[in-house]
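Peer 1: File name data-v5.txt; file contents compact mmCIF, C-alpha atoms; full text below.
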```
# COMPACT_ATOMS: atom_id res chain seq x y z
CA MET Y 1 -66.60 -50.33 -55.23
CA LYS Y 2 -62.85 -50.35 -54.63
CA THR Y 3 -61.32 -53.04 -52.44
CA ILE Y 4 -58.10 -52.37 -50.52
CA THR Y 5 -55.44 -54.80 -51.73
CA THR Y 6 -52.12 -53.12 -50.79
CA THR Y 7 -50.45 -52.20 -47.53
CA ALA Y 8 -50.22 -48.54 -48.59
CA GLU Y 9 -53.96 -48.35 -49.28
CA LEU Y 10 -54.67 -50.02 -45.93
CA ALA Y 11 -52.40 -47.60 -44.08
CA ASP Y 12 -54.20 -44.67 -45.70
CA ALA Y 13 -57.64 -46.05 -44.77
CA CYS Y 14 -56.59 -46.63 -41.15
CA LYS Y 15 -55.13 -43.11 -41.00
CA LYS Y 16 -58.53 -41.74 -42.07
CA CYS Y 17 -60.29 -43.78 -39.37
CA ALA Y 18 -57.93 -42.94 -36.51
CA PRO Y 19 -59.22 -39.39 -35.74
CA HIS Y 20 -62.80 -40.63 -35.26
CA PRO Y 21 -64.26 -41.70 -31.88
CA PHE Y 22 -65.30 -45.11 -33.22
CA VAL Y 23 -65.04 -47.54 -36.12
CA THR Y 24 -67.36 -50.43 -36.89
CA ILE Y 25 -65.73 -53.75 -37.75
CA ASP Y 26 -66.88 -57.02 -39.29
CA THR Y 27 -65.06 -59.94 -40.88
CA GLU Y 28 -65.90 -62.76 -43.24
CA PHE Y 29 -64.08 -66.04 -42.67
CA LEU Y 30 -64.12 -69.78 -43.17
CA ARG Y 31 -63.27 -72.46 -40.60
CA GLU Y 32 -64.96 -75.64 -41.78
CA THR Y 33 -61.64 -77.29 -42.65
CA THR Y 34 -59.29 -75.51 -40.21
CA TYR Y 35 -58.73 -75.14 -36.48
CA TRP Y 36 -58.04 -71.41 -36.74
CA PRO Y 37 -60.56 -69.30 -38.69
CA GLN Y 38 -59.33 -68.35 -42.17
CA LEU Y 39 -59.76 -64.60 -42.61
CA CYS Y 40 -61.22 -63.78 -46.04
CA LEU Y 41 -62.47 -60.19 -45.79
CA ILE Y 42 -62.43 -57.23 -43.40
CA GLN Y 43 -65.12 -54.55 -43.45
CA MET Y 44 -64.49 -51.29 -41.61
CA ALA Y 45 -66.45 -48.05 -41.36
CA ALA Y 46 -65.81 -44.68 -39.73
CA PRO Y 47 -68.66 -42.18 -39.30
CA ASP Y 48 -68.00 -40.68 -42.76
CA ASP Y 49 -66.33 -43.45 -44.74
CA ALA Y 50 -66.30 -47.22 -45.26
CA PHE Y 51 -63.71 -49.69 -46.53
CA ILE Y 52 -63.38 -53.29 -47.66
CA ILE Y 53 -59.99 -54.90 -47.09
CA ASP Y 54 -58.83 -58.04 -48.88
CA PRO Y 55 -56.51 -59.91 -46.48
CA LEU Y 56 -55.91 -62.57 -49.15
CA ALA Y 57 -54.36 -60.04 -51.57
CA GLU Y 58 -50.79 -60.95 -52.40
CA GLY Y 59 -48.21 -59.08 -50.33
CA ILE Y 60 -50.66 -57.16 -48.12
CA ASP Y 61 -49.49 -56.54 -44.54
CA LEU Y 62 -52.30 -56.09 -41.99
CA SER Y 63 -50.10 -54.21 -39.48
CA PRO Y 64 -51.85 -50.83 -40.03
CA PHE Y 65 -55.19 -52.48 -39.25
CA PHE Y 66 -53.82 -54.05 -36.07
CA GLU Y 67 -52.39 -50.70 -35.01
CA LEU Y 68 -55.86 -49.18 -35.36
CA MET Y 69 -57.26 -52.03 -33.26
CA ARG Y 70 -54.73 -51.09 -30.54
CA ASN Y 71 -55.58 -47.38 -30.67
CA GLU Y 72 -57.11 -46.58 -27.27
CA ALA Y 73 -58.67 -43.37 -28.61
CA VAL Y 74 -60.93 -45.26 -31.02
CA THR Y 75 -63.78 -47.51 -29.86
CA LYS Y 76 -64.05 -50.67 -31.95
CA VAL Y 77 -67.70 -51.63 -32.52
CA PHE Y 78 -68.70 -55.22 -33.35
CA HIS Y 79 -71.93 -57.19 -33.40
CA ALA Y 80 -71.60 -60.64 -31.78
CA GLY Y 81 -67.89 -60.04 -32.20
CA ARG Y 82 -66.43 -63.09 -30.49
CA GLN Y 83 -65.27 -64.78 -33.69
CA ASP Y 84 -64.10 -61.52 -35.26
CA ILE Y 85 -62.03 -60.80 -32.16
CA GLU Y 86 -60.67 -64.35 -32.16
CA ILE Y 87 -59.30 -63.75 -35.66
CA ILE Y 88 -57.68 -60.46 -34.65
CA TYR Y 89 -56.22 -62.08 -31.54
CA HIS Y 90 -54.78 -65.01 -33.50
CA LEU Y 91 -53.33 -62.99 -36.38
CA GLY Y 92 -52.38 -59.78 -34.58
CA ASN Y 93 -51.73 -61.07 -31.06
CA LEU Y 94 -54.00 -58.40 -29.56
CA ILE Y 95 -57.54 -57.84 -28.35
CA PRO Y 96 -59.12 -54.62 -29.69
CA SER Y 97 -59.50 -51.96 -27.02
CA PRO Y 98 -61.69 -50.21 -26.15
CA MET Y 99 -64.51 -52.32 -27.53
CA PHE Y 100 -68.32 -52.23 -27.84
CA ASP Y 101 -70.47 -55.21 -28.82
CA SER Y 102 -73.91 -54.27 -30.08
CA GLN Y 103 -75.37 -57.70 -29.30
CA VAL Y 104 -74.33 -57.36 -25.65
CA ALA Y 105 -75.66 -53.80 -25.55
CA ALA Y 106 -78.93 -54.94 -27.13
CA MET Y 107 -79.40 -57.50 -24.32
CA VAL Y 108 -78.85 -54.80 -21.70
CA CYS Y 109 -81.30 -52.54 -23.53
CA GLY Y 110 -84.05 -55.17 -23.56
CA PHE Y 111 -83.88 -56.63 -27.09
CA GLY Y 112 -83.81 -60.23 -25.90
CA ASP Y 113 -81.14 -62.82 -25.19
CA SER Y 114 -79.57 -63.06 -28.66
CA ILE Y 115 -81.28 -60.87 -31.23
CA SER Y 116 -80.01 -61.36 -34.78
CA TYR Y 117 -78.20 -58.51 -36.47
CA ASP Y 118 -80.76 -58.04 -39.23
CA GLN Y 119 -83.60 -57.86 -36.68
CA LEU Y 120 -81.69 -55.36 -34.57
CA VAL Y 121 -81.03 -53.17 -37.64
CA LEU Y 122 -84.70 -53.35 -38.60
CA ARG Y 123 -85.95 -52.39 -35.12
CA LEU Y 124 -83.48 -49.56 -34.59
CA THR Y 125 -83.19 -48.08 -38.09
CA GLY Y 126 -86.14 -49.42 -40.08
CA ASN Y 127 -83.78 -50.79 -42.73
CA ARG Y 128 -83.94 -54.35 -44.05
CA ILE Y 129 -80.67 -56.17 -44.73
CA ASP Y 130 -80.30 -58.18 -47.93
CA LYS Y 131 -79.63 -61.80 -46.89
CA SER Y 132 -79.04 -63.21 -50.37
CA HIS Y 133 -75.25 -63.51 -49.99
CA ARG Y 134 -75.16 -64.83 -46.42
CA TYR Y 135 -73.69 -68.18 -47.53
CA THR Y 136 -71.08 -66.81 -49.90
CA ASP Y 137 -67.71 -68.55 -50.13
CA TRP Y 138 -65.70 -65.47 -49.16
CA SER Y 139 -62.39 -67.13 -50.07
CA ARG Y 140 -63.23 -67.12 -53.78
CA ARG Y 141 -61.90 -64.39 -56.02
CA PRO Y 142 -63.02 -62.22 -57.64
CA LEU Y 143 -65.99 -61.23 -55.46
CA THR Y 144 -68.91 -59.56 -57.25
CA GLU Y 145 -70.04 -55.99 -56.64
CA LYS Y 146 -73.23 -57.35 -55.06
CA GLN Y 147 -71.24 -59.51 -52.66
CA LEU Y 148 -69.01 -56.60 -51.67
CA LYS Y 149 -72.02 -54.30 -51.23
CA TYR Y 150 -73.66 -56.92 -49.01
CA ALA Y 151 -70.51 -57.24 -46.90
CA LEU Y 152 -70.06 -53.49 -46.51
CA ALA Y 153 -73.68 -53.00 -45.41
CA ASP Y 154 -72.91 -54.89 -42.21
CA VAL Y 155 -70.62 -52.11 -40.97
CA THR Y 156 -72.47 -49.12 -42.42
CA HIS Y 157 -75.74 -50.12 -40.69
CA LEU Y 158 -73.76 -50.86 -37.54
CA ARG Y 159 -72.90 -47.15 -37.26
CA ASP Y 160 -76.57 -46.27 -36.82
CA VAL Y 161 -77.12 -49.22 -34.49
CA TYR Y 162 -74.21 -48.07 -32.32
CA HIS Y 163 -75.55 -44.51 -32.06
CA ALA Y 164 -79.05 -45.76 -31.13
CA LEU Y 165 -77.83 -48.24 -28.52
CA ARG Y 166 -75.36 -45.78 -27.03
CA ALA Y 167 -78.11 -43.19 -26.61
CA ASN Y 168 -80.40 -45.81 -25.04
CA LEU Y 169 -77.71 -46.85 -22.57
CA GLU Y 170 -76.91 -43.28 -21.61
CA ASP Y 171 -80.60 -42.46 -21.09
CA GLN Y 172 -80.92 -45.42 -18.71
CA ASN Y 173 -77.48 -44.97 -17.07
CA ARG Y 174 -76.48 -48.45 -18.17
CA CYS Y 175 -73.17 -47.84 -19.99
CA GLU Y 176 -71.23 -49.41 -17.14
CA TRP Y 177 -73.45 -52.49 -17.31
CA VAL Y 178 -72.24 -53.14 -20.85
CA GLN Y 179 -68.61 -52.65 -19.83
CA GLU Y 180 -69.00 -55.35 -17.17
CA GLU Y 181 -70.40 -57.74 -19.77
CA MET Y 182 -67.43 -57.08 -22.07
CA GLU Y 183 -65.01 -58.73 -19.64
CA ILE Y 184 -65.42 -62.13 -21.31
CA LEU Y 185 -64.73 -60.67 -24.76
CA THR Y 186 -61.61 -58.89 -23.54
CA SER Y 187 -60.06 -61.98 -21.91
CA PRO Y 188 -57.41 -63.90 -23.93
CA ASP Y 189 -58.73 -67.12 -22.36
CA THR Y 190 -61.85 -66.70 -24.48
CA TYR Y 191 -59.89 -67.15 -27.70
CA TYR Y 192 -57.32 -69.79 -26.90
CA THR Y 193 -57.74 -73.24 -25.39
CA GLU Y 194 -54.73 -74.46 -23.45
CA PRO Y 195 -54.34 -78.17 -24.33
CA VAL Y 196 -54.19 -79.04 -20.64
CA ASN Y 197 -57.72 -77.60 -20.26
CA ALA Y 198 -59.18 -79.11 -23.44
CA TRP Y 199 -61.04 -81.84 -21.52
CA LYS Y 200 -63.29 -79.15 -20.01
CA ARG Y 201 -64.98 -78.71 -23.39
CA MET Y 202 -66.29 -82.28 -23.22
CA LYS Y 203 -69.25 -83.73 -21.35
CA LEU Y 204 -67.88 -85.88 -18.56
CA ARG Y 205 -69.22 -89.41 -18.96
CA ILE Y 206 -66.69 -91.40 -16.98
CA ARG Y 207 -66.45 -92.31 -13.31
CA LYS Y 208 -63.02 -93.85 -12.63
CA PRO Y 209 -59.80 -91.91 -11.89
CA ARG Y 210 -57.68 -93.79 -14.48
CA GLU Y 211 -60.35 -93.20 -17.12
CA PHE Y 212 -60.35 -89.52 -16.21
CA ALA Y 213 -56.54 -89.37 -16.45
CA ALA Y 214 -56.77 -90.89 -19.92
CA LEU Y 215 -59.49 -88.48 -20.97
CA LYS Y 216 -57.44 -85.45 -19.90
CA GLN Y 217 -54.31 -86.60 -21.72
CA LEU Y 218 -56.16 -87.65 -24.85
CA ALA Y 219 -57.99 -84.32 -25.06
CA ALA Y 220 -54.70 -82.45 -24.58
CA TRP Y 221 -53.00 -84.56 -27.27
CA ARG Y 222 -55.85 -83.90 -29.71
CA GLU Y 223 -55.81 -80.15 -29.01
CA LYS Y 224 -52.06 -79.90 -29.66
CA GLU Y 225 -52.38 -81.88 -32.89
CA ALA Y 226 -55.33 -79.78 -34.11
CA GLN Y 227 -53.55 -76.52 -33.34
CA SER Y 228 -50.24 -77.52 -34.90
CA LYS Y 229 -51.83 -78.97 -38.05
CA ASP Y 230 -54.56 -76.29 -38.21
CA VAL Y 231 -57.40 -78.76 -38.66
CA PRO Y 232 -60.69 -79.19 -36.74
CA ARG Y 233 -60.48 -81.29 -33.57
CA ASN Y 234 -62.74 -83.98 -34.95
CA ARG Y 235 -60.39 -84.45 -37.90
CA ILE Y 236 -57.80 -85.62 -35.38
CA LEU Y 237 -60.05 -87.66 -33.11
CA LYS Y 238 -63.78 -87.56 -32.50
CA ASP Y 239 -65.15 -87.15 -28.98
CA GLU Y 240 -66.61 -90.67 -29.08
CA ALA Y 241 -63.16 -92.07 -29.87
CA ILE Y 242 -61.64 -90.25 -26.90
CA PHE Y 243 -64.25 -91.68 -24.54
CA GLU Y 244 -63.80 -95.18 -25.95
CA LEU Y 245 -60.02 -94.95 -25.64
CA ALA Y 246 -60.27 -93.58 -22.09
CA ILE Y 247 -62.51 -96.46 -20.98
CA HIS Y 248 -60.69 -99.36 -22.70
CA ARG Y 249 -57.11 -97.99 -22.77
CA PRO Y 250 -55.78 -100.46 -25.40
CA GLN Y 251 -52.16 -101.57 -24.98
CA THR Y 252 -51.55 -103.23 -28.37
CA GLN Y 253 -52.17 -102.47 -32.04
CA GLU Y 254 -54.67 -105.32 -32.16
CA ALA Y 255 -56.61 -103.94 -29.20
CA LEU Y 256 -56.55 -100.45 -30.72
CA SER Y 257 -57.84 -101.69 -34.08
CA SER Y 258 -60.71 -103.52 -32.38
CA LEU Y 259 -62.28 -100.29 -31.11
CA ARG Y 260 -65.39 -99.28 -33.06
CA SER Y 261 -64.33 -95.62 -33.29
CA MET Y 262 -60.95 -96.40 -34.93
CA SER Y 263 -60.75 -96.37 -38.72
CA LYS Y 264 -59.08 -99.24 -40.54
CA GLY Y 265 -55.30 -99.05 -40.37
CA TYR Y 266 -55.25 -96.28 -37.78
CA GLU Y 267 -53.33 -98.50 -35.38
CA ARG Y 268 -50.36 -98.53 -37.80
CA SER Y 269 -50.30 -94.76 -38.32
CA LYS Y 270 -48.03 -92.28 -36.55
CA ALA Y 271 -51.04 -91.04 -34.57
CA GLY Y 272 -51.92 -94.61 -33.60
CA THR Y 273 -48.39 -95.20 -32.33
CA GLU Y 274 -48.53 -92.00 -30.26
CA LEU Y 275 -51.89 -92.99 -28.77
CA LEU Y 276 -50.56 -96.41 -27.73
CA GLN Y 277 -47.58 -94.73 -26.06
CA LEU Y 278 -50.03 -92.50 -24.22
CA MET Y 279 -52.08 -95.53 -23.14
CA HIS Y 280 -48.94 -97.21 -21.77
CA GLN Y 281 -48.04 -94.07 -19.78
CA ILE Y 282 -51.52 -93.94 -18.27
CA ALA Y 283 -51.41 -97.66 -17.41
CA ASP Y 284 -48.13 -97.08 -15.54
CA LEU Y 285 -49.41 -94.16 -13.47
CA PRO Y 286 -49.34 -95.02 -9.74
CA ALA Y 287 -52.77 -94.96 -8.13
CA GLU Y 288 -51.77 -92.07 -5.86
CA ASP Y 289 -50.96 -89.91 -8.89
CA LEU Y 290 -54.37 -90.34 -10.52
CA PRO Y 291 -56.58 -87.23 -10.60
CA ASP Y 292 -59.87 -87.06 -8.74
CA VAL Y 293 -62.92 -87.31 -10.99
CA PRO Y 294 -64.94 -84.07 -10.76
CA LYS Y 295 -68.19 -84.65 -8.97
CA GLY Y 296 -71.48 -83.57 -10.45
CA LYS Y 297 -73.59 -80.90 -8.86
CA SER Y 298 -75.37 -81.99 -5.70
CA GLN Y 299 -78.12 -79.70 -4.51
CA PRO Y 300 -79.46 -79.70 -0.95
CA GLU Y 301 -82.99 -81.02 -0.47
CA GLY Y 302 -85.56 -78.39 -1.40
CA SER Y 303 -83.16 -76.21 -3.38
CA GLY Y 304 -84.81 -77.26 -6.65
CA ALA Y 305 -88.04 -75.53 -5.60
CA ALA Y 306 -86.07 -72.41 -4.66
CA VAL Y 307 -84.42 -72.38 -8.10
CA ASP Y 308 -87.83 -72.71 -9.78
CA LEU Y 309 -89.16 -69.75 -7.81
CA MET Y 310 -86.10 -67.68 -8.69
CA LYS Y 311 -86.54 -68.50 -12.38
CA VAL Y 312 -90.01 -66.93 -12.27
CA LEU Y 313 -88.61 -63.96 -10.35
CA LEU Y 314 -85.82 -63.61 -12.93
CA LYS Y 315 -88.30 -63.56 -15.81
CA LEU Y 316 -90.36 -60.96 -13.98
CA THR Y 317 -87.27 -58.82 -13.33
CA SER Y 318 -86.15 -59.15 -16.95
CA GLU Y 319 -89.51 -57.98 -18.29
CA LYS Y 320 -89.86 -55.18 -15.75
CA HIS Y 321 -86.43 -53.63 -16.38
CA GLY Y 322 -86.01 -54.52 -20.05
CA VAL Y 323 -82.79 -56.52 -19.62
CA ALA Y 324 -82.22 -59.98 -21.07
CA ALA Y 325 -82.54 -62.61 -18.34
CA LYS Y 326 -79.21 -64.28 -19.08
CA VAL Y 327 -77.40 -60.97 -18.57
CA ILE Y 328 -78.89 -60.69 -15.07
CA ALA Y 329 -78.34 -64.28 -13.89
CA THR Y 330 -77.66 -67.77 -15.21
CA VAL Y 331 -79.21 -71.02 -14.02
CA ASP Y 332 -75.84 -71.80 -12.44
CA ASP Y 333 -76.10 -68.53 -10.47
CA LEU Y 334 -79.56 -69.50 -9.24
CA GLU Y 335 -78.43 -72.96 -8.15
CA LYS Y 336 -75.53 -71.49 -6.18
CA ILE Y 337 -77.74 -68.86 -4.53
CA ALA Y 338 -80.18 -71.61 -3.55
CA CYS Y 339 -77.36 -73.31 -1.64
CA ASP Y 340 -75.54 -70.27 -0.27
CA ASP Y 341 -76.68 -66.72 0.55
CA GLY Y 342 -73.10 -65.54 0.07
CA ALA Y 343 -72.44 -67.34 -3.22
CA GLU Y 344 -69.69 -65.80 -5.35
CA VAL Y 345 -71.81 -65.14 -8.43
CA PRO Y 346 -72.35 -62.01 -10.56
CA ALA Y 347 -76.07 -62.03 -9.69
CA LEU Y 348 -75.22 -61.05 -6.10
CA LYS Y 349 -72.92 -58.18 -7.05
CA GLY Y 350 -73.30 -54.60 -8.28
CA TRP Y 351 -76.29 -53.65 -10.37
CA ARG Y 352 -77.42 -57.27 -10.68
CA ARG Y 353 -77.83 -57.55 -6.91
CA GLU Y 354 -79.81 -54.31 -6.82
CA LEU Y 355 -82.02 -55.43 -9.70
CA PHE Y 356 -82.45 -59.10 -8.84
CA GLY Y 357 -80.02 -60.66 -6.34
CA GLN Y 358 -81.42 -59.06 -3.19
CA PHE Y 359 -84.92 -60.21 -4.11
CA ALA Y 360 -83.69 -63.73 -4.95
CA LEU Y 361 -82.36 -63.96 -1.39
CA LYS Y 362 -85.63 -62.62 0.01
CA ILE Y 363 -87.76 -65.11 -1.90
CA LYS Y 364 -85.48 -67.90 -0.72
CA ARG Y 365 -85.96 -66.80 2.90
CA GLY Y 366 -89.72 -66.40 2.54
CA GLU Y 367 -89.61 -62.62 3.01
CA ILE Y 368 -91.39 -62.04 -0.31
CA ALA Y 369 -93.67 -64.20 -2.43
CA LEU Y 370 -95.07 -64.28 -5.96
CA ARG Y 371 -98.74 -64.29 -6.81
CA LEU Y 372 -100.93 -63.88 -9.86
CA GLU Y 373 -102.80 -60.61 -10.20
CA GLY Y 374 -105.03 -61.19 -13.18
CA LYS Y 375 -102.65 -62.41 -15.86
CA ARG Y 376 -99.54 -60.85 -14.32
CA VAL Y 377 -97.11 -62.12 -11.72
CA ALA Y 378 -96.52 -59.72 -8.83
CA ILE Y 379 -94.19 -59.60 -5.83
CA ILE Y 380 -95.75 -59.28 -2.40
CA ASP Y 381 -94.17 -58.81 1.02
CA CYS Y 382 -94.60 -61.57 3.55
CA GLU Y 383 -94.54 -61.76 7.31
CA PRO Y 384 -91.21 -63.19 8.48
CA PRO Y 385 -91.57 -66.97 8.79
CA ALA Y 386 -92.27 -68.12 12.34
CA PRO Y 387 -89.25 -69.71 14.01
CA THR Y 388 -89.35 -73.46 14.38
CA ALA Y 389 -89.76 -75.04 17.82
CA LYS Y 390 -86.13 -76.05 17.62
CA ASN Y 391 -85.06 -72.42 17.34
CA ASN Y 392 -87.51 -70.88 19.85
CA LYS Y 393 -85.62 -71.74 22.97
CA PRO Y 394 -82.26 -70.21 22.02
CA LYS Y 395 -84.00 -66.96 20.99
CA GLN Y 396 -85.82 -66.78 24.35
CA ASN Y 397 -82.58 -67.41 26.21
CA SER Y 398 -80.87 -64.72 24.19
CA LYS Y 399 -83.55 -62.15 25.13
CA ALA Y 400 -83.38 -63.24 28.73
CA HIS Y 401 -79.65 -62.72 28.78
CA LYS Y 402 -80.07 -59.22 27.39
CA ALA Y 403 -82.67 -58.42 30.05
CA ASP Y 404 -80.38 -59.66 32.84
CA ALA Y 405 -77.57 -57.58 31.46
```
Show me, as structure tokens, the structure contained in the file I just sent.
Peer 2:
Amino acid sequence: MKTITTTAELADACKKCAPHPFVTIDTEFLRETTYWPQLCLIQMAAPDDAFIIDPLAEGIDLSPFFELMRNEAVTKVFHAGRQDIEIIYHLGNLIPSPMFDSQVAAMVCGFGDSISYDQLVLRLTGNRIDKSHRYTDWSRRPLTEKQLKYALADVTHLRDVYHALRANLEDQNRCEWVQEEMEILTSPDTYYTEPVNAWKRMKLRIRKPREFAALKQLAAWREKEAQSKDVPRNRILKDEAIFELAIHRPQTQEALSSLRSMSKGYERSKAGTELLQLMHQIADLPAEDLPDVPKGKSQPEGSGAAVDLMKVLLKLTSEKHGVAAKVIATVDDLEKIACDDGAEVPALKGWRRELFGQFALKIKRGEIALRLEGKRVAIIDCEPPAPTAKNNKPKQNSKAHKADA
């Protein structure tokens, strides 16, 4: 099995793929010791050919591959492609377009919330994927024929998976549903964390504005350091250290060294000096310049019961229509609907509203109910709830006014 190791060979392979309506793509990478994923192998298949590309080969230029990823006439097919796309975005400064993710399509077609690739291949094609090289160190060279064959199988099976899912979607008129779900994968924000927003990745466990200011600046400092040095965030500073620093805000080397999360001698390092400077800046911030601490969710009384009912309704809808529940609505969607009939959530828009959202509103208002029929849950219509005594009088007055008119 020949591996592409030169720019000329890569250009020829991409030229062969370009006339086809789609190509399947997969990558092998490492990121245990880096911030950015280290690309080790690219697998690519057109309907009648398949290729393995060695991005670690000396002198190879991946520009022809990136040009193919930009080609709007060719659909790029991935399975759970978020990390593959992140690599392409980081190295090629582009997001493949147009794009199809078979894991997303499988959820829309009723294969569950996150079916594994090997299970999807088995159910759609009857083929079993060899898992023996799943934990290969793909950065090592040379790779064996068995390793390369294993890697290539990911994209050759994906051709059949794509055809089967595409046909399923077309039969059910759900192609547009998948396109809506692809919005997250096509957004650059998915693949790059702005340092100023890095604190949002962390669980908020502080309550005071100055602590929150420290948390935000510490998280931003760590993100910049991790990106510039290309190392994992926790190699720079662990989450626990950020929280401890934000709460205690040490002003001296001695105070910094006394923190449990700080390693011995850290206070004398360049990073330790920078952190102390940051702590001084936060200490000097005027009270009026401190950020407000985000408040946790507060649900109106009784909304918890409404959310529980909607969860049952969501499961029922998912099973009835063969669409993964998390594609239809999230728990966050349900909580917002429980508080507001006009909530700005995907579950109350488009096909999701038709499938689920309109019924979620009805069950909240008491216009429909759920009951057991044997071992199955069913939806039943209800009489409109009787108006409360408080509301009777205005309604009578309203009718009276209409009669007088």
Peer 1: Can you tell me, as a PyMOL selection string, which residues sit within 12 Å of (-97.0, -61.1, -9.7) in the file's frame, using all atoms listed in the file?
Peer 2: chain Y and resi 309+312-317+319-320+368-381
Peer 1: Do you know which residues are at most 8 Å from Y:Met44 counting all atoms listed in the file, after dropping those on the same chain fewer than 5 positions away, and could you put them as a compact mmCIF listing (two decimals) with C-alpha atoms, in the frame of the given file?
Peer 2:
```txt
# COMPACT_ATOMS: atom_id res chain seq x y z
CA VAL Y 23 -65.04 -47.54 -36.12
CA THR Y 24 -67.36 -50.43 -36.89
CA ILE Y 25 -65.73 -53.75 -37.75
CA ASP Y 26 -66.88 -57.02 -39.29
CA ALA Y 50 -66.30 -47.22 -45.26
CA PHE Y 51 -63.71 -49.69 -46.53
CA ILE Y 52 -63.38 -53.29 -47.66
CA ILE Y 53 -59.99 -54.90 -47.09
CA LEU Y 152 -70.06 -53.49 -46.51
CA VAL Y 155 -70.62 -52.11 -40.97
```
Peer 1: So what do you get for atom CA of Y:Ala226 versus atom CA of Y:Glu86, distance-wise?
Peer 2: 16.4 Å
Peer 1: Near Y:Ile337, within 9 Å and counting all atoms listed in the file, which residues show up once chain neighbours fewer than 5 positions away are dropped, as a list in words?
Peer 2: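 Selected residues are Val307, Asp332, Gly342, Ala343, Glu344, Val345, Ala347, Leu348, Gly357, Ala360, Leu361 and Lys364 of chain Y.
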Peer 1: Using all atoms listed in the file, can you tell me which of Y:Arg207, Y:Gln119, Y:Val108, Y:Thr3 comes closest to Y:Gln147?
Peer 2: Y:Thr3
Peer 1: For a quick check of understanding, using all atoms listed in the file, which of Y:Thr156, Y:Thr330, Y:Ser228, Y:Asn93 has the smallest distance to Y:Arg352?
Peer 2: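 Of Y:Thr156, Y:Thr330, Y:Ser228, Y:Asn93, the one nearest Y:Arg352, counting all atoms listed in the file, is Y:Thr330.
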Peer 1: Set the distance at 12 Å and use only C-alpha atoms: which residues neighbour Y:Glu176 once local chain neighbours fewer than 3 positions away are removed? I'd like the list as a PyMOL selection string.
Peer 2: chain Y and resi 100+105+108+166+169-170+172-173+179-183+350-352
Peer 1: I need the residue nearest Y:Lys229 from this list: Y:Trp36, Y:Phe356, Y:Phe78, Y:Phe29. Use all atoms listed in the file for the distance.
Peer 2: Y:Trp36
Peer 1: Within 12 Å of Y:Ala106, counting all atoms listed in the file, which residues qualify if same-chain residues fewer than 4 places away don't, as a ChimeraX atom specification?
Peer 2: /Y:78-80,100-102,110-117,119-121,123-124,161-162,164-169,174-175,177-178,181,322-324,327
Peer 1: Okay, now the selection with C-alpha atoms, as a PDB file, in the frame of the given file?
Peer 2:
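Printed below is selection-v5.pdb as written:
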```
ATOM      1  CA  PHE Y  78     -68.700 -55.220 -33.350  1.00  0.00           C
ATOM      2  CA  HIS Y  79     -71.930 -57.190 -33.400  1.00  0.00           C
ATOM      3  CA  ALA Y  80     -71.600 -60.640 -31.780  1.00  0.00           C
ATOM      4  CA  PHE Y 100     -68.320 -52.230 -27.840  1.00  0.00           C
ATOM      5  CA  ASP Y 101     -70.470 -55.210 -28.820  1.00  0.00           C
ATOM      6  CA  SER Y 102     -73.910 -54.270 -30.080  1.00  0.00           C
ATOM      7  CA  GLY Y 110     -84.050 -55.170 -23.560  1.00  0.00           C
ATOM      8  CA  PHE Y 111     -83.880 -56.630 -27.090  1.00  0.00           C
ATOM      9  CA  GLY Y 112     -83.810 -60.230 -25.900  1.00  0.00           C
ATOM     10  CA  ASP Y 113     -81.140 -62.820 -25.190  1.00  0.00           C
ATOM     11  CA  SER Y 114     -79.570 -63.060 -28.660  1.00  0.00           C
ATOM     12  CA  ILE Y 115     -81.280 -60.870 -31.230  1.00  0.00           C
ATOM     13  CA  SER Y 116     -80.010 -61.360 -34.780  1.00  0.00           C
ATOM     14  CA  TYR Y 117     -78.200 -58.510 -36.470  1.00  0.00           C
ATOM     15  CA  GLN Y 119     -83.600 -57.860 -36.680  1.00  0.00           C
ATOM     16  CA  LEU Y 120     -81.690 -55.360 -34.570  1.00  0.00           C
ATOM     17  CA  VAL Y 121     -81.030 -53.170 -37.640  1.00  0.00           C
ATOM     18  CA  ARG Y 123     -85.950 -52.390 -35.120  1.00  0.00           C
ATOM     19  CA  LEU Y 124     -83.480 -49.560 -34.590  1.00  0.00           C
ATOM     20  CA  VAL Y 161     -77.120 -49.220 -34.490  1.00  0.00           C
ATOM     21  CA  TYR Y 162     -74.210 -48.070 -32.320  1.00  0.00           C
ATOM     22  CA  ALA Y 164     -79.050 -45.760 -31.130  1.00  0.00           C
ATOM     23  CA  LEU Y 165     -77.830 -48.240 -28.520  1.00  0.00           C
ATOM     24  CA  ARG Y 166     -75.360 -45.780 -27.030  1.00  0.00           C
ATOM     25  CA  ALA Y 167     -78.110 -43.190 -26.610  1.00  0.00           C
ATOM     26  CA  ASN Y 168     -80.400 -45.810 -25.040  1.00  0.00           C
ATOM     27  CA  LEU Y 169     -77.710 -46.850 -22.570  1.00  0.00           C
ATOM     28  CA  ARG Y 174     -76.480 -48.450 -18.170  1.00  0.00           C
ATOM     29  CA  CYS Y 175     -73.170 -47.840 -19.990  1.00  0.00           C
ATOM     30  CA  TRP Y 177     -73.450 -52.490 -17.310  1.00  0.00           C
ATOM     31  CA  VAL Y 178     -72.240 -53.140 -20.850  1.00  0.00           C
ATOM     32  CA  GLU Y 181     -70.400 -57.740 -19.770  1.00  0.00           C
ATOM     33  CA  GLY Y 322     -86.010 -54.520 -20.050  1.00  0.00           C
ATOM     34  CA  VAL Y 323     -82.790 -56.520 -19.620  1.00  0.00           C
ATOM     35  CA  ALA Y 324     -82.220 -59.980 -21.070  1.00  0.00           C
ATOM     36  CA  VAL Y 327     -77.400 -60.970 -18.570  1.00  0.00           C
TER      37      VAL Y 327
END
```
